[in-house]
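Take a look at the structure set out below.
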2 protein chains.
Amino acid sequence: MVSWKDFDSLSSYETLQSLKNHVDVKKELSGENGAERVRKYNCEMAAGLNYNYASKEVDEVVLKALQELSDEAQLTEKFEELYNGAIINTGENRLVLHHLARNQLGKDVVVDGVNKREFYVSQQKKAADFANKVHNGEIVNENGEPFTTVVQIGIGGSDLGPRALYIALENWAKANQTFKMEARFISNVDPDDAAAVLNATDLAHALFIVVSKSGTTLETLTNEQFVKDALIQAGLDPSKHMLAVTSETSPLAKSPDYLTAVFMDDYIGGRYSSVSAVGGMVLSLAFGPEVFAQILEGMAKEDQLATNKNILENPDLLDALIGVYERNVQGYPVTAVLPYSQALARFPAHLQQCDMESNGKSVNRFGQPIHYVTGPVIFGEPGTNGQHSFYQLLHQGTDIISLQFVGFKNSQIGKDVNIENSTSQQKLNANVAAQIVAFACGKEDTNQNKNFEGGRPSSIIIGEQLTPAALGALLAHFENKIMFQGFVWNLNSFDQEGVQLGKVLAKKVLSGNSDGALKVYADLLNI
Amino acid sequence: MVSWKDFDSLSSYETLQSLKNHVDVKKELSGENGAERVRKYNCEMAAGLNYNYASKEVDEVVLKALQELSDEAQLTEKFEELYNGAIINTGENRLVLHHLARNQLGKDVVVDGVNKREFYVSQQKKAADFANKVHNGEIVNENGEPFTTVVQIGIGGSDLGPRALYIALENWAKANQTFKMEARFISNVDPDDAAAVLNATDLAHALFIVVSKSGTTLETLTNEQFVKDALIQAGLDPSKHMLAVTSETSPLAKSPDYLTAVFMDDYIGGRYSSVSAVGGMVLSLAFGPEVFAQILEGMAKEDQLATNKNILENPDLLDALIGVYERNVQGYPVTAVLPYSQALARFPAHLQQCDMESNGKSVNRFGQPIHYVTGPVIFGEPGTNGQHSFYQLLHQGTDIISLQFVGFKNSQIGKDVNIENSTSQQKLNANVAAQIVAFACGKEDTNQNKNFEGGRPSSIIIGEQLTPAALGALLAHFENKIMFQGFVWNLNSFDQEGVQLGKVLAKKVLSGNSDGALKVYADLLNI
């Protein structure tokens, strides 16, 4: 049995605190030793990716302390308990089974007589079958015409992950002849969101996926009605255009309003549902089930690496531990995720949810207050764009921000242009290499305005190309990283009680029962 | 003459430090006093906007100290010097004249015999004339057909601001019959960015605007060539499809490669150039010059408010000072910008550049190290989406994040749906009202996991509708806020030396002259 203890009650916590500012990354990375360090501080990931941490503030001493932390906190043992079906989500008394959707790790988990792995796989197969029928013309619109666009109606976990993955692979799929249908997304309850997407959509040839686990998400049901009204106004039959992704017990599950319903359950949280039916339906429609299967394959291989007890052979765990060192020892408040890949434009927004909603908490998994900082703020934009924007603060601001770069040797589309003896892809990658060294090593200048102190740590994940498998490995890496950090901080990373109060107060406003400051705010906003 | 002093050398700095945790916003906002506070702590902005700061940690004592700081640091006097042509950008020995592009404030500023106000207005007029000729069919493609799409090629300030403003007004313009042309944007040197935009663009009917002040920006020139190659491959003549926005001395200025060139100068920095020719050309083409003029009008009116010495009648200054209090007294490291408007989806990314590139600095305007924190990290996504994502950390995380909400009484398109007795717009606004109170007041629960401590401060800017004038006022508000904060911190907010080192090292990699760690990173990235 594993033992759940607060981070600051561990002896490795004390060891780590004694290692504040232990490594001068500027010094470590300079000269020929620096070259050797970059070659050495590298950890293989799945799908040909590599996690390189040579520019992080670690050395053999820090890494040893992090290994001790991992062992003392039983991090891989906790992971094993999780994927084998322990009740890890203590607040909601639930299992946490998103790894089973990747169909690889651990034992079969049976809940209420249902083999959960088989359940997730069966729903992926149901989504695949539906997608294949749409693609081969078995499922068509009222006039017997093919569907050309799919619109996902969801919010939070039903939106950010699937959207980020779609954007990540859209151009790859087009270049590799696996592109099947355009996908669009409606999420915000702002009526302009749905109206704008519908104005730009050929309704007669569009499928709409309503995604809500409970079947009661306010934004999603409102937007569903918005879409239904538009379909009816266009003389179309909504039940011939809409499908549902929901739980088996939700009001949407057996409704005749949908072409089909594909099921999710309580054991895969929204922010970890990108490759459950939530993302599986829309991605299978957009790119075909084979592409979706390749994402899963990449995730499964990365999950397998996450079981390694040796942190130097477990990139997800190592990244997590370095992040803990940066947060709880070095005191950095923010992590920037900086992909040098335009296709990953919305990937940081998805990680922002995964990370901040999982670990933005102040009580431990038993509901007791803790006395150390937990999840950092996460933000990011693609490079090189960010270089011409917020990098100024990252280089010369008064706070040190932890950095996570991502880069690929090859582009997705393959079109390029050679200017001044280099391609755009080479310029892109020269920039990320340059930034890592600039942040770490800085440059002295007698003009203090042009002086760079350096000592700003970063890691980089490098892949051959952003393929479906590489994307899957990347996603699983960050999901597992966040999980391991939650274990260190002794949090329940799988509930989100912090979003409830706002919902309650919003209902109060809408029912006309607000008073005091809330009522005046509502008045000012013309509600 | 104004006097430039470090923040911590002012007597008001000491006063403010003594006011740490002076206000319990939870207490202030509760009960009927709370209602009165929301009505009172409200400051009128231009274009019908209001800045409401009732949920910020201020009271009469803190506001008095902030007024003293404003007076002692001569903040409005410094603003006056700026728009009247003082050399505020000390590092680069330059004037800072973006307010003159709004054609309202201050004296005429003459540089090298050129009246700068007249210069900026003349370039806006040149852009307007060109746009009108495109719209009325005087300027057409090789086959005499109209242009239907405009693609902006730029990066950083030549991209983020114009892109954010275009997205903000696209649906408004379509709903108000002022929409003229689709706009798209190419920015990243990642070749997939240009390739994807070009794949989705009808080249024969597209205009391309190359935006680079120096005419030497690597990303932009590379992407320009990418576009030229595509045009030539499509059998089109690039010089019939491209125009330039650049400085009069740049290689692009008098080239026969362009239909026309509109000019910018050194006195409007990239991140403040949204309403110079940089944004003026693309926005005039997309929406017509009249809409662009309405943005300018909203900015000019907000600028006028920013001259008020009384901080309670100067929303830009007040917001700046409250931000300083939160950063330097309360110690909050991050500010989240949270617009409850899908149209403002990319507005936070633009503010992220404006703010972090302006004030992410560690030396004062004389190049001397300072000993207090400066610009915070800025990030944000639209609500209600964010509520289902990172708000968990904002409510229950271990760090307090400063919050800035934006909301509008009415939607832009006007289509809506009534579910459970409220429209989507009402649900949207009920949510932002609820969030403000939830963050400030929290809610006690014996289950610590469901306990909300409250005391998390926010402000909100409320408008009637996101019109061109309201958008202009909003943009000027934040630009001026950032300027005032730079004055308090005694920074040069108008240079960006922190982006230079990366450029130098990237060139080193591309020329094959890298060594040590840089060379190994370059090898790993296959350069």
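A note on labels: chains of the structure tokens are A, B, ... as shown, every chain counts residues from 1, and ligands are counted from 1 in their shown order.
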
Selection: 10 Å around Asn421 of chain A, only C-alpha atoms, excl. self and same-chain fewer than 6 positions, as an mmCIF file with C-alpha atoms, in the first residue's frame:
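Result went into part-v8.cif, see below:
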data_model
loop_
_atom_site.group_PDB
_atom_site.id
_atom_site.type_symbol
_atom_site.label_atom_id
_atom_site.label_comp_id
_atom_site.auth_asym_id
_atom_site.auth_seq_id
_atom_site.Cartn_x
_atom_site.Cartn_y
_atom_site.Cartn_z
ATOM 1 C CA LYS A 427 15.375 29.675 -39.042
ATOM 2 C CA LEU B 510 22.412 29.936 -39.174
ATOM 3 C CA SER B 511 25.862 31.066 -40.279
#

Using only C-alpha atoms, determine which residues lie at most 10 Å from Ile460 of chain A, disregarding the query and same-chain residues fewer than 5 positions distant; provide the list as a PyMOL selection string. (chain A and resi 42+50-56+337-339+403-407+432-433+436) or (chain B and resi 521)

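For the atom pair formed by atom CA of Leu466 of chain B and atom CA of Ala46 of chain B, the distance is 12.5 Å, given to one decimal.
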
Out of A:Asn314, A:Ser187, A:Ser214, A:Ser402, which residue has the shortest atom-to-atom distance to chain B when counting only C-alpha atoms?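 Of A:Asn314, A:Ser187, A:Ser214, A:Ser402, the one nearest chain B is A:Ser187, counting only C-alpha atoms.
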
Segment 137-305 of chain B: which residues are alpha helix (DSSP H) by DSSP, as a ChimeraX atom specification? /B:160-175,191-199,218-233,277-287,289-305

Extract, using only C-alpha atoms, all DNA, RNA and protein residues at most 12 Å from Phe408 of chain B, discarding same-chain residues fewer than 3 positions from it, and format them as a VMD selection string. (chain A and resid 190 192 522 524 to 527) or (chain B and resid 48 to 50 339 to 344 405 411 to 412 425 to 426 428 to 430 432 to 433 460 to 467 470 to 471 474)

Which residues are close to Gly498 of chain A, i.e. within 12 Å by only C-alpha atoms, leaving aside same-chain residues fewer than 6 positions away? Reply as a PyMOL selection string. (chain A and resi 356-363+504) or (chain B and resi 387-397+435+438-439+442-443+448-454)

Dump of N, CA and C atoms for the selected residues, as a JSON list (two decimals), in the first residue's frame:
[["chain", "number", "residue", "atom", "x", "y", "z"],
["A", 356, "MET", "N", -3.63, 23.91, -14.43],
["A", 356, "MET", "CA", -4.16, 24.84, -13.42],
["A", 356, "MET", "C", -5.44, 24.33, -12.75],
["A", 357, "GLU", "N", -6.25, 23.56, -13.51],
["A", 357, "GLU", "CA", -7.46, 23.02, -12.90],
["A", 357, "GLU", "C", -7.14, 21.79, -12.04],
["A", 358, "SER", "N", -6.06, 21.10, -12.37],
["A", 358, "SER", "CA", -5.68, 19.90, -11.60],
["A", 358, "SER", "C", -4.97, 20.27, -10.30],
["A", 359, "ASN", "N", -4.03, 21.20, -10.40],
["A", 359, "ASN", "CA", -3.14, 21.43, -9.26],
["A", 359, "ASN", "C", -3.21, 22.84, -8.67],
["A", 360, "GLY", "N", -4.21, 23.62, -9.08],
["A", 360, "GLY", "CA", -4.40, 24.95, -8.49],
["A", 360, "GLY", "C", -5.22, 24.83, -7.22],
["A", 361, "LYS", "N", -4.64, 24.27, -6.18],
["A", 361, "LYS", "CA", -5.38, 23.92, -4.97],
["A", 361, "LYS", "C", -4.59, 24.19, -3.70],
["A", 362, "SER", "N", -5.30, 24.41, -2.61],
["A", 362, "SER", "CA", -4.67, 24.77, -1.33],
["A", 362, "SER", "C", -4.95, 23.79, -0.22],
["A", 363, "VAL", "N", -5.65, 22.69, -0.52],
["A", 363, "VAL", "CA", -5.86, 21.66, 0.50],
["A", 363, "VAL", "C", -5.38, 20.33, -0.05],
["A", 504, "VAL", "N", -23.06, 28.67, -8.73],
["A", 504, "VAL", "CA", -24.15, 28.90, -7.79],
["A", 504, "VAL", "C", -24.58, 30.37, -7.83],
["B", 387, "GLN", "N", -13.70, 29.85, -17.17],
["B", 387, "GLN", "CA", -14.30, 29.30, -15.96],
["B", 387, "GLN", "C", -14.19, 27.77, -15.93],
["B", 388, "HIS", "N", -14.26, 27.17, -17.11],
["B", 388, "HIS", "CA", -14.17, 25.71, -17.22],
["B", 388, "HIS", "C", -12.72, 25.28, -17.43],
["B", 389, "SER", "N", -11.78, 26.16, -17.16],
["B", 389, "SER", "CA", -10.38, 25.84, -17.40],
["B", 389, "SER", "C", -9.54, 26.26, -16.19],
["B", 390, "PHE", "N", -8.88, 27.39, -16.28],
["B", 390, "PHE", "CA", -7.88, 27.73, -15.27],
["B", 390, "PHE", "C", -8.43, 28.46, -14.05],
["B", 391, "TYR", "N", -9.75, 28.78, -14.03],
["B", 391, "TYR", "CA", -10.31, 29.51, -12.89],
["B", 391, "TYR", "C", -10.17, 28.75, -11.57],
["B", 392, "GLN", "N", -10.09, 27.41, -11.64],
["B", 392, "GLN", "CA", -9.86, 26.63, -10.42],
["B", 392, "GLN", "C", -8.68, 27.19, -9.64],
["B", 393, "LEU", "N", -7.57, 27.41, -10.31],
["B", 393, "LEU", "CA", -6.39, 27.96, -9.63],
["B", 393, "LEU", "C", -6.64, 29.38, -9.14],
["B", 394, "LEU", "N", -7.35, 30.17, -9.95],
["B", 394, "LEU", "CA", -7.61, 31.55, -9.53],
["B", 394, "LEU", "C", -8.44, 31.57, -8.24],
["B", 395, "HIS", "N", -9.36, 30.61, -8.09],
["B", 395, "HIS", "CA", -10.21, 30.58, -6.90],
["B", 395, "HIS", "C", -9.52, 29.95, -5.69],
["B", 396, "GLN", "N", -8.81, 28.85, -5.92],
["B", 396, "GLN", "CA", -8.32, 28.07, -4.77],
["B", 396, "GLN", "C", -6.83, 27.78, -4.81],
["B", 397, "GLY", "N", -6.09, 28.38, -5.74],
["B", 397, "GLY", "CA", -4.65, 28.15, -5.80],
["B", 397, "GLY", "C", -3.93, 28.82, -4.64],
["B", 435, "GLN", "N", -18.70, 35.75, -10.81],
["B", 435, "GLN", "CA", -17.27, 35.48, -10.59],
["B", 435, "GLN", "C", -16.64, 36.57, -9.73],
["B", 438, "ALA", "N", -17.70, 35.96, -6.25],
["B", 438, "ALA", "CA", -17.12, 34.71, -5.75],
["B", 438, "ALA", "C", -15.64, 34.90, -5.40],
["B", 439, "PHE", "N", -14.91, 35.57, -6.28],
["B", 439, "PHE", "CA", -13.48, 35.80, -6.03],
["B", 439, "PHE", "C", -13.28, 36.68, -4.79],
["B", 442, "GLY", "N", -15.75, 34.89, -1.55],
["B", 442, "GLY", "CA", -15.58, 33.48, -1.21],
["B", 442, "GLY", "C", -16.83, 32.92, -0.55],
["B", 443, "LYS", "N", -16.64, 31.77, 0.10],
["B", 443, "LYS", "CA", -17.77, 31.13, 0.81],
["B", 443, "LYS", "C", -17.18, 30.10, 1.75],
["B", 448, "GLN", "N", -13.19, 21.64, 3.73],
["B", 448, "GLN", "CA", -12.15, 22.58, 3.26],
["B", 448, "GLN", "C", -11.96, 22.52, 1.75],
["B", 449, "ASN", "N", -12.29, 21.41, 1.16],
["B", 449, "ASN", "CA", -12.16, 21.25, -0.28],
["B", 449, "ASN", "C", -13.16, 22.13, -1.02],
["B", 450, "LYS", "N", -14.26, 22.44, -0.35],
["B", 450, "LYS", "CA", -15.30, 23.29, -0.95],
["B", 450, "LYS", "C", -15.27, 24.69, -0.35],
["B", 451, "ASN", "N", -14.22, 24.99, 0.39],
["B", 451, "ASN", "CA", -14.10, 26.30, 1.04],
["B", 451, "ASN", "C", -13.43, 27.30, 0.10],
["B", 452, "PHE", "N", -13.99, 28.52, 0.06],
["B", 452, "PHE", "CA", -13.41, 29.58, -0.77],
["B", 452, "PHE", "C", -13.01, 30.71, 0.16],
["B", 453, "GLU", "N", -11.73, 30.98, 0.25],
["B", 453, "GLU", "CA", -11.26, 32.03, 1.16],
["B", 453, "GLU", "C", -11.68, 33.42, 0.74],
["B", 454, "GLY", "N", -11.90, 33.62, -0.56],
["B", 454, "GLY", "CA", -12.21, 34.96, -1.04],
["B", 454, "GLY", "C", -10.97, 35.86, -0.97]]

Identify all residues of segment 200-264 of chain A in strand (DSSP E or B) (DSSP on the backbone) and supply them as a PyMOL selection string. chain A and resi 206-211+242-247+261-264

State, in Å with one decimal place, the distance from atom CA of Val38 of chain B to atom CA of Leu351 of chain B.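 Value for the atom CA of Val38 of chain B-atom CA of Leu351 of chain B distance: 26.0 Å.
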
Counting only C-alpha atoms, figure out which residue out of B:His98, B:His135, B:Lys213, B:Lys409 gets nearest to Ser158 of chain B.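 The closest residue to Ser158 of chain B is B:Lys213.
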
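The residue set within 10 Å of Asn188 of chain B, counting only C-alpha atoms and dropping same-chain residues fewer than 5 places from it, reads Tyr340, Ser341, Gln342, Pro382, Gly383, Thr384, Asn385, Gly386, Ser424 and Leu428 of chain A; Ile153, Gly154, Ile155, Gly156, Asp159, Asp193, Ala194, Glu219, Thr220, Thr222 and Asn223 of chain B.
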
Write out as a list in words which residues come within 10 Å of Lys228 of chain B when counting only C-alpha atoms, dropping same-chain ones fewer than 4 positions away. Phe208, Thr222, Asn223, Glu224, Ile232, Gln233, Ala234, Leu236, Asp237, Pro238, Ser239, His241 and Met242 of chain B

Output of the above residues as a CSV table (one decimal), in the first residue's frame, restricted to C-alpha atoms:
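Contents of out.csv, freshly written:
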chain,number,residue,atom,x,y,z
B,208,PHE,CA,-0.9,41.1,-49.2
B,222,THR,CA,11.0,35.3,-45.3
B,223,ASN,CA,7.2,35.1,-45.3
B,224,GLU,CA,7.0,37.8,-48.0
B,232,ILE,CA,4.3,33.4,-59.2
B,233,GLN,CA,3.5,29.6,-59.1
B,234,ALA,CA,-0.1,30.5,-59.5
B,236,LEU,CA,0.1,35.9,-60.8
B,237,ASP,CA,2.3,39.1,-60.7
B,238,PRO,CA,3.3,39.8,-57.1
B,239,SER,CA,3.6,43.5,-57.7
B,241,HIS,CA,-1.0,42.0,-55.2
B,242,MET,CA,1.4,43.4,-52.6
